[in-house]
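Asker: PDB, C-alpha atoms, file final22.pdb:
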ATOM      1  CA  MET A 357     208.912 -19.260 222.363
ATOM      2  CA  THR A 358     206.131 -17.500 220.443
ATOM      3  CA  GLN A 359     203.136 -16.736 222.627
ATOM      4  CA  PRO A 360     199.850 -18.283 221.404
ATOM      5  CA  SER A 361     197.390 -15.856 219.851
ATOM      6  CA  VAL A 362     194.433 -17.331 221.751
ATOM      7  CA  ILE A 363     195.221 -17.872 225.415
ATOM      8  CA  LEU A 364     193.064 -19.489 228.072
ATOM      9  CA  ALA A 365     193.892 -18.979 231.748
ATOM     10  CA  THR A 366     192.380 -21.189 234.445
ATOM     11  CA  ALA A 367     192.678 -20.951 238.230
ATOM     12  CA  SER A 368     192.120 -23.773 240.665
ATOM     13  CA  TYR A 369     191.912 -24.726 244.305
ATOM     14  CA  ASP A 370     195.216 -26.544 243.700
ATOM     15  CA  HIS A 371     196.794 -23.063 244.076
ATOM     16  CA  THR A 372     197.933 -22.833 240.468
ATOM     17  CA  ILE A 373     197.063 -20.751 237.449
ATOM     18  CA  LYS A 374     197.517 -22.527 234.136
ATOM     19  CA  PHE A 375     197.918 -20.961 230.704
ATOM     20  CA  TRP A 376     196.727 -22.946 227.700
ATOM     21  CA  GLU A 377     196.904 -22.712 223.954
ATOM     22  CA  ALA A 378     193.143 -22.544 223.534
ATOM     23  CA  LYS A 379     193.172 -24.136 220.068
ATOM     24  CA  SER A 380     195.391 -27.139 220.795
ATOM     25  CA  GLY A 381     194.571 -27.597 224.464
ATOM     26  CA  ARG A 382     198.266 -27.616 225.412
ATOM     27  CA  CYS A 383     199.207 -26.160 228.782
ATOM     28  CA  TYR A 384     202.363 -24.118 228.246
ATOM     29  CA  ARG A 385     202.790 -22.451 231.638
ATOM     30  CA  THR A 386     201.834 -23.072 235.267
ATOM     31  CA  ILE A 387     202.392 -20.548 238.031
ATOM     32  CA  GLN A 388     201.853 -20.767 241.772
ATOM     33  CA  TYR A 389     199.628 -18.190 243.457
ATOM     34  CA  PRO A 390     202.444 -16.656 245.538
ATOM     35  CA  GLU A 391     204.327 -15.653 242.357
ATOM     36  CA  SER A 392     202.728 -12.206 242.318
ATOM     37  CA  VAL A 393     204.008  -9.027 240.696
ATOM     38  CA  MET A 394     201.978  -6.776 242.987
ATOM     39  CA  SER A 395     199.887  -7.407 246.083
ATOM     40  CA  TYR A 396     196.831  -5.381 247.121
ATOM     41  CA  ASP A 397     196.197  -6.038 250.790
ATOM     42  CA  SER A 398     193.210  -4.536 252.558
ATOM     43  CA  HIS A 399     190.323  -7.001 252.460
ATOM     44  CA  THR A 400     189.865  -9.068 255.612
ATOM     45  CA  ASN A 401     188.026 -12.025 254.079
ATOM     46  CA  ASN A 402     187.826 -13.939 250.787
ATOM     47  CA  VAL A 403     187.925 -11.775 247.648
ATOM     48  CA  MET A 404     185.054 -12.935 245.440
ATOM     49  CA  ALA A 405     185.241 -10.533 242.476
ATOM     50  CA  VAL A 406     187.845  -8.436 240.675
ATOM     51  CA  GLY A 407     187.802  -6.449 237.459
ATOM     52  CA  PHE A 408     189.514  -3.652 235.576
ATOM     53  CA  GLN A 409     188.450  -0.296 234.195
ATOM     54  CA  CYS A 410     188.635  -0.288 230.384
ATOM     55  CA  ASP A 411     191.894   1.676 230.204
ATOM     56  CA  GLY A 412     193.535  -0.374 232.938
ATOM     57  CA  LYS A 413     193.996   2.661 235.201
ATOM     58  CA  TRP A 414     192.181   1.172 238.172
ATOM     59  CA  MET A 415     190.589  -2.045 239.332
ATOM     60  CA  TYR A 416     187.778  -2.978 241.673
ATOM     61  CA  SER A 417     187.205  -5.848 244.072
ATOM     62  CA  GLY A 418     184.403  -7.279 246.185
ATOM     63  CA  SER A 419     184.880  -9.381 249.292
ATOM     64  CA  GLU A 420     183.107 -11.489 251.876
ATOM     65  CA  ASP A 421     184.240  -8.826 254.355
ATOM     66  CA  GLY A 422     181.247  -6.833 253.049
ATOM     67  CA  THR A 423     183.144  -4.200 251.093
ATOM     68  CA  VAL A 424     183.684  -3.103 247.510
ATOM     69  CA  LYS A 425     187.046  -1.424 246.948
ATOM     70  CA  ILE A 426     188.628   0.701 244.225
ATOM     71  CA  TRP A 427     192.386   0.421 243.610
ATOM     72  CA  ASP A 428     194.350   2.914 241.510
ATOM     73  CA  LEU A 429     197.023   0.866 239.741
ATOM     74  CA  ARG A 430     199.264   3.937 239.560
ATOM     75  CA  ALA A 431     199.285   4.500 243.331
ATOM     76  CA  PRO A 432     199.620   2.264 246.398
ATOM     77  CA  GLY A 433     196.729   1.319 248.615
ATOM     78  CA  CYS A 434     192.939   1.341 248.377
ATOM     79  CA  GLN A 435     191.504   4.618 247.071
ATOM     80  CA  ARG A 436     187.809   4.069 247.828
ATOM     81  CA  GLU A 437     185.751   1.692 249.924
ATOM     82  CA  TYR A 438     181.997   1.059 249.872
ATOM     83  CA  GLU A 439     180.160  -0.827 252.627
ATOM     84  CA  SER A 440     177.647  -3.423 251.480
ATOM     85  CA  ARG A 441     176.868  -4.629 255.026
ATOM     86  CA  ALA A 442     176.843  -8.256 253.848
ATOM     87  CA  ALA A 443     179.326 -10.607 252.163
ATOM     88  CA  VAL A 444     179.815  -9.452 248.559
ATOM     89  CA  ASN A 445     179.616 -12.286 246.034
ATOM     90  CA  THR A 446     179.787 -10.429 242.722
ATOM     91  CA  VAL A 447     180.724  -7.023 241.300
ATOM     92  CA  VAL A 448     180.521  -5.785 237.688
ATOM     93  CA  LEU A 449     181.451  -2.497 236.058
ATOM     94  CA  HIS A 450     178.822  -0.844 233.893
ATOM     95  CA  PRO A 451     180.031  -0.132 230.317
ATOM     96  CA  ASN A 452     179.770   3.592 231.087
ATOM     97  CA  GLN A 453     182.778   3.010 233.401
ATOM     98  CA  THR A 454     181.231   5.215 236.091
ATOM     99  CA  GLU A 455     179.104   2.747 238.051
ATOM    100  CA  LEU A 456     179.757  -0.511 239.858
ATOM    101  CA  ILE A 457     176.973  -2.989 240.601
ATOM    102  CA  SER A 458     177.367  -5.415 243.496
ATOM    103  CA  GLY A 459     175.360  -8.377 244.742
ATOM    104  CA  ASP A 460     175.625  -9.818 248.251
ATOM    105  CA  GLN A 461     174.809 -12.794 250.421
ATOM    106  CA  ASN A 462     171.667 -11.162 251.833
ATOM    107  CA  GLY A 463     170.152 -10.689 248.367
ATOM    108  CA  ASN A 464     170.920  -6.986 247.945
ATOM    109  CA  ILE A 465     171.930  -5.407 244.637
ATOM    110  CA  ARG A 466     173.543  -1.997 244.939
ATOM    111  CA  VAL A 467     174.689   0.516 242.331
ATOM    112  CA  TRP A 468     177.736   2.539 243.339
ATOM    113  CA  ASP A 469     177.997   5.859 241.516
ATOM    114  CA  LEU A 470     181.715   6.540 241.231
ATOM    115  CA  THR A 471     181.162  10.148 240.199
ATOM    116  CA  ALA A 472     178.963  10.966 243.190
ATOM    117  CA  ASN A 473     180.964   8.513 245.349
ATOM    118  CA  SER A 474     177.789   7.041 246.828
ATOM    119  CA  CYS A 475     175.193   4.290 246.503
ATOM    120  CA  SER A 476     172.620   5.493 243.988
ATOM    121  CA  CYS A 477     170.245   2.520 243.928
ATOM    122  CA  GLU A 478     169.328  -0.564 245.970
ATOM    123  CA  LEU A 479     167.284  -3.568 244.852
ATOM    124  CA  VAL A 480     166.289  -6.762 246.646
ATOM    125  CA  PRO A 481     164.875  -9.256 244.109
ATOM    126  CA  GLU A 482     164.388 -11.977 246.773
ATOM    127  CA  VAL A 483     164.869 -11.320 250.483
ATOM    128  CA  ASP A 484     167.615 -13.428 252.096
ATOM    129  CA  THR A 485     168.433 -15.203 248.826
ATOM    130  CA  ALA A 486     172.090 -14.704 247.951
ATOM    131  CA  VAL A 487     172.891 -12.979 244.658
ATOM    132  CA  ARG A 488     175.671 -15.106 243.172
ATOM    133  CA  SER A 489     176.388 -13.379 239.870
ATOM    134  CA  LEU A 490     175.654 -10.212 237.900
ATOM    135  CA  THR A 491     176.145  -9.411 234.229
ATOM    136  CA  VAL A 492     175.510  -6.312 232.104
ATOM    137  CA  MET A 493     174.909  -6.270 228.342
ATOM    138  CA  TRP A 494     177.816  -4.709 226.445
ATOM    139  CA  ASP A 495     175.676  -1.692 225.498
ATOM    140  CA  GLY A 496     174.256  -1.237 228.996
ATOM    141  CA  SER A 497     170.723  -2.125 227.912
ATOM    142  CA  LEU A 498     170.196  -5.121 230.221
ATOM    143  CA  VAL A 499     171.253  -6.220 233.691
ATOM    144  CA  VAL A 500     170.870  -9.818 234.893
ATOM    145  CA  ALA A 501     171.196 -11.084 238.475
ATOM    146  CA  ALA A 502     171.381 -14.804 239.308
ATOM    147  CA  ASN A 503     170.732 -16.223 242.756
ATOM    148  CA  ASN A 504     171.093 -19.290 244.957
ATOM    149  CA  LYS A 505     167.621 -20.565 244.010
ATOM    150  CA  GLY A 506     168.467 -20.930 240.317
ATOM    151  CA  THR A 507     166.551 -17.793 239.342
ATOM    152  CA  CYS A 508     167.652 -14.988 237.032
ATOM    153  CA  TYR A 509     166.147 -11.526 237.318
ATOM    154  CA  VAL A 510     166.409  -9.311 234.255
ATOM    155  CA  TRP A 511     166.063  -5.527 234.191
ATOM    156  CA  ARG A 512     166.090  -3.158 231.259
ATOM    157  CA  LEU A 513     167.400   0.385 231.295
ATOM    158  CA  LEU A 514     164.707   2.897 230.491
ATOM    159  CA  ARG A 515     165.211   4.551 227.110
ATOM    160  CA  GLY A 516     167.040   7.844 227.175
ATOM    161  CA  THR A 517     168.647   7.304 230.553
ATOM    162  CA  GLN A 518     172.417   7.262 230.950
ATOM    163  CA  THR A 519     172.713   5.730 234.398
ATOM    164  CA  MET A 520     172.017   2.399 236.020
ATOM    165  CA  THR A 521     169.637   3.885 238.574
ATOM    166  CA  ASN A 522     166.528   3.448 236.393
ATOM    167  CA  PHE A 523     165.739  -0.268 236.398
ATOM    168  CA  GLU A 524     162.679  -1.560 234.570
ATOM    169  CA  PRO A 525     161.774  -5.180 235.436
ATOM    170  CA  LEU A 526     161.792  -7.228 232.248
ATOM    171  CA  HIS A 527     161.804 -10.929 233.063
ATOM    172  CA  LYS A 528     162.101 -13.553 235.794
ATOM    173  CA  LEU A 529     163.714 -16.777 234.595
ATOM    174  CA  GLN A 530     163.757 -20.031 236.555
ATOM    175  CA  ALA A 531     166.912 -21.318 234.898
ATOM    176  CA  HIS A 532     168.125 -24.156 237.146
ATOM    177  CA  ASP A 533     167.017 -26.219 240.126
ATOM    178  CA  GLY A 534     170.370 -25.686 241.877
ATOM    179  CA  TYR A 535     172.518 -22.636 242.504
ATOM    180  CA  ILE A 536     173.493 -20.412 239.596
ATOM    181  CA  LEU A 537     177.184 -19.739 240.109
ATOM    182  CA  LYS A 538     177.741 -17.539 237.063
ATOM    183  CA  CYS A 539     175.554 -15.690 234.575
ATOM    184  CA  LEU A 540     177.011 -14.006 231.519
ATOM    185  CA  LEU A 541     175.576 -12.032 228.602
ATOM    186  CA  SER A 542     177.136 -12.413 225.159
ATOM    187  CA  PRO A 543     179.635  -9.853 223.783
ATOM    188  CA  GLU A 544     179.190  -7.128 221.184
ATOM    189  CA  PHE A 545     180.525  -9.101 218.213
ATOM    190  CA  CYS A 546     177.925 -11.819 218.779
ATOM    191  CA  GLU A 547     175.267  -9.440 217.433
ATOM    192  CA  PRO A 548     172.563  -9.669 216.205
ATOM    193  CA  GLN A 549     172.236 -12.794 218.366
ATOM    194  CA  ARG A 550     172.076 -12.095 222.073
ATOM    195  CA  TYR A 551     172.520 -14.901 224.578
ATOM    196  CA  LEU A 552     172.585 -15.430 228.320
ATOM    197  CA  ALA A 553     174.724 -18.261 229.695
ATOM    198  CA  THR A 554     173.957 -19.658 233.169
ATOM    199  CA  ALA A 555     176.392 -22.010 234.923
ATOM    200  CA  SER A 556     175.058 -24.079 237.786
ATOM    201  CA  SER A 557     175.716 -26.449 240.660
ATOM    202  CA  ASP A 558     173.648 -28.977 238.679
ATOM    203  CA  SER A 559     176.787 -29.478 236.480
ATOM    204  CA  THR A 560     175.177 -27.946 233.376
ATOM    205  CA  VAL A 561     175.414 -24.671 231.526
ATOM    206  CA  LYS A 562     172.305 -23.359 229.809
ATOM    207  CA  ILE A 563     172.210 -20.965 226.876
ATOM    208  CA  TRP A 564     169.171 -18.687 226.671
ATOM    209  CA  ASN A 565     168.059 -16.486 223.802
ATOM    210  CA  VAL A 566     167.677 -12.997 225.253
ATOM    211  CA  ASP A 567     164.793 -12.397 222.834
ATOM    212  CA  GLY A 568     162.085 -14.012 224.950
ATOM    213  CA  PHE A 569     164.538 -15.878 227.200
ATOM    214  CA  THR A 570     163.844 -19.212 225.580
ATOM    215  CA  LEU A 571     166.231 -22.098 226.183
ATOM    216  CA  GLU A 572     168.529 -22.577 223.194
ATOM    217  CA  LYS A 573     170.866 -25.310 224.448
ATOM    218  CA  THR A 574     171.937 -27.205 227.543
ATOM    219  CA  LEU A 575     175.667 -27.913 227.656
ATOM    220  CA  ILE A 576     176.198 -31.313 229.270
ATOM    221  CA  GLY A 577     179.629 -32.775 229.988
ATOM    222  CA  HIS A 578     180.945 -31.531 233.306
ATOM    223  CA  GLN A 579     180.612 -33.933 236.211
ATOM    224  CA  ARG A 580     180.420 -31.404 239.046
ATOM    225  CA  TRP A 581     179.567 -27.770 239.753
ATOM    226  CA  VAL A 582     180.293 -25.277 236.973
ATOM    227  CA  TRP A 583     181.775 -22.145 238.545
ATOM    228  CA  ASP A 584     182.666 -19.864 235.675
ATOM    229  CA  CYS A 585     182.229 -19.269 231.959
ATOM    230  CA  VAL A 586     183.515 -16.872 229.316
ATOM    231  CA  PHE A 587     182.474 -16.217 225.703
ATOM    232  CA  SER A 588     184.924 -15.896 222.854
ATOM    233  CA  VAL A 589     185.084 -12.370 221.470
ATOM    234  CA  ASP A 590     182.647 -13.212 218.651
ATOM    235  CA  GLY A 591     180.326 -15.304 220.838
ATOM    236  CA  ALA A 592     180.902 -18.429 218.718
ATOM    237  CA  TYR A 593     182.416 -20.372 221.615
ATOM    238  CA  LEU A 594     182.032 -20.664 225.370
ATOM    239  CA  ILE A 595     184.635 -21.864 227.865
ATOM    240  CA  THR A 596     183.556 -23.227 231.257
ATOM    241  CA  ALA A 597     185.374 -24.122 234.484
ATOM    242  CA  SER A 598     184.204 -26.826 236.868
ATOM    243  CA  SER A 599     184.786 -28.579 240.182
ATOM    244  CA  ASP A 600     185.589 -31.702 238.130
ATOM    245  CA  ALA A 601     189.057 -30.068 237.707
ATOM    246  CA  THR A 602     188.568 -29.391 233.985
ATOM    247  CA  ALA A 603     187.722 -26.533 231.679
ATOM    248  CA  ARG A 604     185.802 -27.171 228.472
ATOM    249  CA  LEU A 605     185.464 -25.385 225.140
ATOM    250  CA  TRP A 606     181.970 -25.504 223.654
ATOM    251  CA  SER A 607     180.656 -24.668 220.213
ATOM    252  CA  MET A 608     177.696 -22.336 220.517
ATOM    253  CA  SER A 609     176.317 -23.523 217.185
ATOM    254  CA  THR A 610     176.225 -27.235 218.072
ATOM    255  CA  GLY A 611     176.278 -27.225 221.872
ATOM    256  CA  GLU A 612     179.058 -29.849 221.802
ATOM    257  CA  ASP A 613     182.302 -29.701 223.769
ATOM    258  CA  ILE A 614     185.208 -29.659 221.328
ATOM    259  CA  ARG A 615     188.108 -29.404 223.770
ATOM    260  CA  VAL A 616     188.727 -30.493 227.368
ATOM    261  CA  TYR A 617     191.527 -28.826 229.319
ATOM    262  CA  GLN A 618     192.850 -31.286 231.925
ATOM    263  CA  GLY A 619     195.728 -30.614 234.280
ATOM    264  CA  HIS A 620     194.451 -29.154 237.515
ATOM    265  CA  HIS A 621     194.315 -31.463 240.531
ATOM    266  CA  LYS A 622     191.424 -29.770 242.301
ATOM    267  CA  ALA A 623     188.337 -27.753 241.365
ATOM    268  CA  THR A 624     188.818 -25.308 238.487
ATOM    269  CA  VAL A 625     186.859 -22.268 239.594
ATOM    270  CA  CYS A 626     187.861 -19.431 237.278
ATOM    271  CA  CYS A 627     188.648 -18.952 233.583
ATOM    272  CA  ALA A 628     189.655 -16.041 231.357
ATOM    273  CA  LEU A 629     190.187 -15.892 227.593
ATOM    274  CA  HIS A 630     192.436 -13.615 225.559
ATOM    275  CA  ASP A 631     191.371 -13.862 221.922
ATOM    276  CA  GLY A 632     190.988 -10.265 220.834
ATOM    277  CA  ALA A 633     193.554 -10.633 218.029
ATOM    278  CA  GLU A 634     191.422 -13.196 216.236
ATOM    279  CA  THR A 635     187.711 -13.578 215.615
ATOM    280  CA  THR A 636     187.301 -17.092 217.009
ATOM    281  CA  ALA A 637     188.561 -19.172 219.912
ATOM    282  CA  ALA A 638     189.142 -22.358 217.989
TER     283      ALA A 638
END
How would this structure read if it were set down as structure tokens?

Answerer:
Amino acid sequence: MTQPSVILATASYDHTIKFWEAKSGRCYRTIQYPESVMSYDSHTNNVMAVGFQCDGKWMYSGSEDGTVKIWDLRAPGCQREYESRAAVNTVVLHPNQTELISGDQNGNIRVWDLTANSCSCELVPEVDTAVRSLTVMWDGSLVVAANNKGTCYVWRLLRGTQTMTNFEPLHKLQAHDGYILKCLLSPEFCEPQRYLATASSDSTVKIWNVDGFTLEKTLIGHQRWVWDCVFSVDGAYLITASSDATARLWSMSTGEDIRVYQGHHKATVCCALHDGAETTAA
């Protein structure tokens, strides 16, 4: 069978990962969590964040055990471990591929310099307010942190600097009344438009124009918490995952949902999109 060119993957508390033809909405494969190719065992509590280096040579993870770990995919075991001293909720890799940024349950944001193998910066936007999600602009110019009080903090990198350690406060955005579970900045091919998406426990996703952080659209359709979101490669579409057991495809131009992916039996908490071969998701 020919593999679809635009693939959506969703993961759920029903212990399955489903693969969908993003355009038609057809689920063409379901796998159970235990069907793994490789297992990386070292964390002692829930793993909250994973990601890959751009060349796929290593990956990183963050856990409620209070650690951030680096895994070399060409060698067994954990290569590096950083102690956050609180449950880690979110980890992102800076586009320079040499720094990880983590956010934890106690409200700490830390920058881990992989070259120096140390923590190079610590920020606490709100004491004892959990940082739920972090996102970095594709060119490294902005960093956004979202917390349990529905607030986004935005920092800008100072001109001429090459590292994440020089944060300049830019904006504080009260985006939602409930938790923000995911914040995400738009990709490179969305330019010149730049957007911030915030997904919340209030069952909505809001789209903000980064120029002034004005509200562009509120995406309404999910019935429960919205846990995750991902832009299409050109920023024309957004896919969201929710506790209502569905994922939805939204048009960024109209703010309407144009596809609902139904099939999971419990909360859909994670989504990923492979659409690099084409310029749009639908």

Asker: Once the PyMOL selection byres ((chain A and resi 402) around 12) has been applied to the shown file, what residues remain in the selection, as a PDB file with C-alpha atoms, in the frame of the given file?

Answerer:
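Saved to part.pdb:
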ATOM      1  CA  ASP A 397     196.197  -6.038 250.790  1.00  0.00           C
ATOM      2  CA  SER A 398     193.210  -4.536 252.558  1.00  0.00           C
ATOM      3  CA  HIS A 399     190.323  -7.001 252.460  1.00  0.00           C
ATOM      4  CA  THR A 400     189.865  -9.068 255.612  1.00  0.00           C
ATOM      5  CA  ASN A 401     188.026 -12.025 254.079  1.00  0.00           C
ATOM      6  CA  VAL A 403     187.925 -11.775 247.648  1.00  0.00           C
ATOM      7  CA  MET A 404     185.054 -12.935 245.440  1.00  0.00           C
ATOM      8  CA  ALA A 405     185.241 -10.533 242.476  1.00  0.00           C
ATOM      9  CA  VAL A 406     187.845  -8.436 240.675  1.00  0.00           C
ATOM     10  CA  SER A 417     187.205  -5.848 244.072  1.00  0.00           C
ATOM     11  CA  GLY A 418     184.403  -7.279 246.185  1.00  0.00           C
ATOM     12  CA  SER A 419     184.880  -9.381 249.292  1.00  0.00           C
ATOM     13  CA  GLU A 420     183.107 -11.489 251.876  1.00  0.00           C
ATOM     14  CA  ASP A 421     184.240  -8.826 254.355  1.00  0.00           C
ATOM     15  CA  GLY A 422     181.247  -6.833 253.049  1.00  0.00           C
ATOM     16  CA  THR A 423     183.144  -4.200 251.093  1.00  0.00           C
ATOM     17  CA  ALA A 443     179.326 -10.607 252.163  1.00  0.00           C
ATOM     18  CA  VAL A 444     179.815  -9.452 248.559  1.00  0.00           C
ATOM     19  CA  ASN A 445     179.616 -12.286 246.034  1.00  0.00           C
ATOM     20  CA  THR A 446     179.787 -10.429 242.722  1.00  0.00           C
TER      21      THR A 446
END

Asker: Any idea what the distance is between CA of Arg488 in chain A and CA of Leu575 in chain A?

Answerer: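 Separation of CA of Arg488 in chain A and CA of Leu575 in chain A: 20.1 Å.
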
Asker: Would you kindly translate the PyMOL selection byres ((chain A and resi 377) around 7) into the concrete residues it picks from this file, as a list in words?

Answerer: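 The output of the PyMOL selection byres ((chain A and resi 377) around 7) on this file is Pro360, Val362, Ile363, Leu364, Trp376, Ala378, Lys379, Ser380, Gly381, Arg382 and Cys383 of chain A.
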
Asker: For this file, the PyMOL selection byres ((chain A and resi 627-633) around 7) selects which residues, as a count of residues only?

Answerer: 17

Asker: Considering all atoms listed in the file, can you say which of A:Val492, A:Ile614, A:Val582, A:Ser599 comes closest to Asp370 in chain A?

Answerer: A:Ser599

Asker: Could you check which of A:Glu482, A:Glu612, A:Glu572, A:Asp600 is closest to Val625 in chain A, using only C-alpha atoms?

Answerer: A:Asp600

Asker: Which distance in Å separates CA of Thr570 in chain A and CA of Leu552 in chain A, to one decimal?

Answerer: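 Calculated distance between CA of Thr570 in chain A and CA of Leu552 in chain A is 9.9 Å.
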
Asker: Write out as a Markdown table the residues of range 406-488 of chain A that have any atom within 12 Å of an atom of range 522-540 of chain A, one row each with the nearest atom pair and its distance in Å to one decimal, counting only C-alpha atoms, sorted by chain and then rising number.

Answerer:
| residue | atom | partner | partner_atom | distance |
| --- | --- | --- | --- | --- |
| A:Asn445 | CA | A:Leu537 | CA | 9.8 |
| A:Thr446 | CA | A:Lys538 | CA | 9.3 |
| A:Val447 | CA | A:Lys538 | CA | 11.7 |
| A:Val448 | CA | A:Leu540 | CA | 10.9 |
| A:Ile465 | CA | A:Phe523 | CA | 11.5 |
| A:Arg466 | CA | A:Phe523 | CA | 11.7 |
| A:Val467 | CA | A:Asn522 | CA | 10.5 |
| A:Ser476 | CA | A:Asn522 | CA | 9.9 |
| A:Cys477 | CA | A:Asn522 | CA | 8.5 |
| A:Glu478 | CA | A:Phe523 | CA | 10.2 |
| A:Leu479 | CA | A:Phe523 | CA | 9.2 |
| A:Pro481 | CA | A:Lys528 | CA | 9.8 |
| A:Glu482 | CA | A:Lys528 | CA | 11.3 |
| A:Thr485 | CA | A:Tyr535 | CA | 10.6 |
| A:Ala486 | CA | A:Tyr535 | CA | 9.6 |
| A:Val487 | CA | A:Ile536 | CA | 9.0 |
| A:Arg488 | CA | A:Leu537 | CA | 5.8 |

Asker: For the contact check between range 485-557 of chain A and range 457-461 of chain A, emit one row per residue of range 485-557 of chain A within 12 Å, containing the shortest atom pair and the distance in Å rounded to one decimal, counting only C-alpha atoms, chain then rising number order, as CSV.

Answerer:
residue,atom,partner,partner_atom,distance
A:Thr485,CA,A:Gln461,CA,7.0
A:Ala486,CA,A:Gln461,CA,4.1
A:Val487,CA,A:Gly459,CA,5.2
A:Arg488,CA,A:Gly459,CA,6.9
A:Ser489,CA,A:Gly459,CA,7.1
A:Leu490,CA,A:Gly459,CA,7.1
A:Thr491,CA,A:Ile457,CA,9.1
A:Val492,CA,A:Ile457,CA,9.2
A:Val499,CA,A:Ile457,CA,9.5
A:Val500,CA,A:Ile457,CA,10.8
A:Ala501,CA,A:Gly459,CA,8.0
A:Ala502,CA,A:Gly459,CA,9.3
A:Asn503,CA,A:Gly459,CA,9.3
A:Asn504,CA,A:Gln461,CA,9.3
A:Thr519,CA,A:Ile457,CA,11.5
A:Met520,CA,A:Ile457,CA,8.6
A:Thr521,CA,A:Ile457,CA,10.3

Asker: Around all the atoms of range 382-396 of chain A listed in the file, draw an axis-aligned box and extend it by 3 Å on each of the six sides; I want its centre and edge lengths in Å to one decimal, as AutoDock Vina command-line options.

Answerer:
--center_x 200.6 --center_y -16.5 --center_z 236.3 --size_x 13.5 --size_y 28.2 --size_z 27.7

Asker: Would you kindly return, as a list in words, each protein, DNA or RNA residue with an atom no farther than 8 Å from any atom of Thr454 in chain A, considering only C-alpha atoms and excluding same-chain residues fewer than 2 positions away?

Answerer: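 Final neighbour list, sorted by chain and number: Leu449, His450, Pro451, Asn452, Leu456, Asp469, Leu470 and Thr471 of chain A.
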
Asker: With only C-alpha atoms as the atoms that count, which of A:Gln435, A:Ser392, A:Ser557, A:Ser440 lies nearest to Trp468 in chain A?

Answerer: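 When distances to Trp468 in chain A are compared using only C-alpha atoms, the smallest one comes from A:Ser440.
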
Asker: May I ask for the distance between CA of Trp583 in chain A and CA of His620 in chain A, given in Å to one decimal place?

Answerer: 14.5 Å

Asker: What's around Ser607 in chain A at 10 Å? Count only C-alpha atoms, leave out sequence neighbours fewer than 2 positions away in its own chain, and write the answer as a CSV table (one decimal) with C-alpha atoms, in the frame of the given file.

Answerer:
chain,number,residue,atom,x,y,z
A,575,LEU,CA,175.7,-27.9,227.7
A,591,GLY,CA,180.3,-15.3,220.8
A,592,ALA,CA,180.9,-18.4,218.7
A,593,TYR,CA,182.4,-20.4,221.6
A,594,LEU,CA,182.0,-20.7,225.4
A,595,ILE,CA,184.6,-21.9,227.9
A,605,LEU,CA,185.5,-25.4,225.1
A,609,SER,CA,176.3,-23.5,217.2
A,610,THR,CA,176.2,-27.2,218.1
A,611,GLY,CA,176.3,-27.2,221.9
A,612,GLU,CA,179.1,-29.8,221.8
A,613,ASP,CA,182.3,-29.7,223.8
A,614,ILE,CA,185.2,-29.7,221.3
A,615,ARG,CA,188.1,-29.4,223.8
A,637,ALA,CA,188.6,-19.2,219.9
A,638,ALA,CA,189.1,-22.4,218.0

Asker: Between A:Cys434, A:Leu498, A:Cys546, A:Met608, which one has atoms that come closest to Lys573 in chain A, using all atoms listed in the file?

Answerer: A:Met608

Asker: Name the closest residue to Tyr509 in chain A among the candidates A:Lys425, A:Glu391, A:Arg550, A:Phe569; distances are taken between atoms, counting all atoms listed in the file.

Answerer: A:Phe569

Asker: Closest to Ser556 in chain A among A:Gln409, A:Thr507, A:Ser542, A:Thr602, using all atoms listed in the file?

Answerer: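 Looking at the shortest contact to Ser556 in chain A, the residue is A:Thr507.
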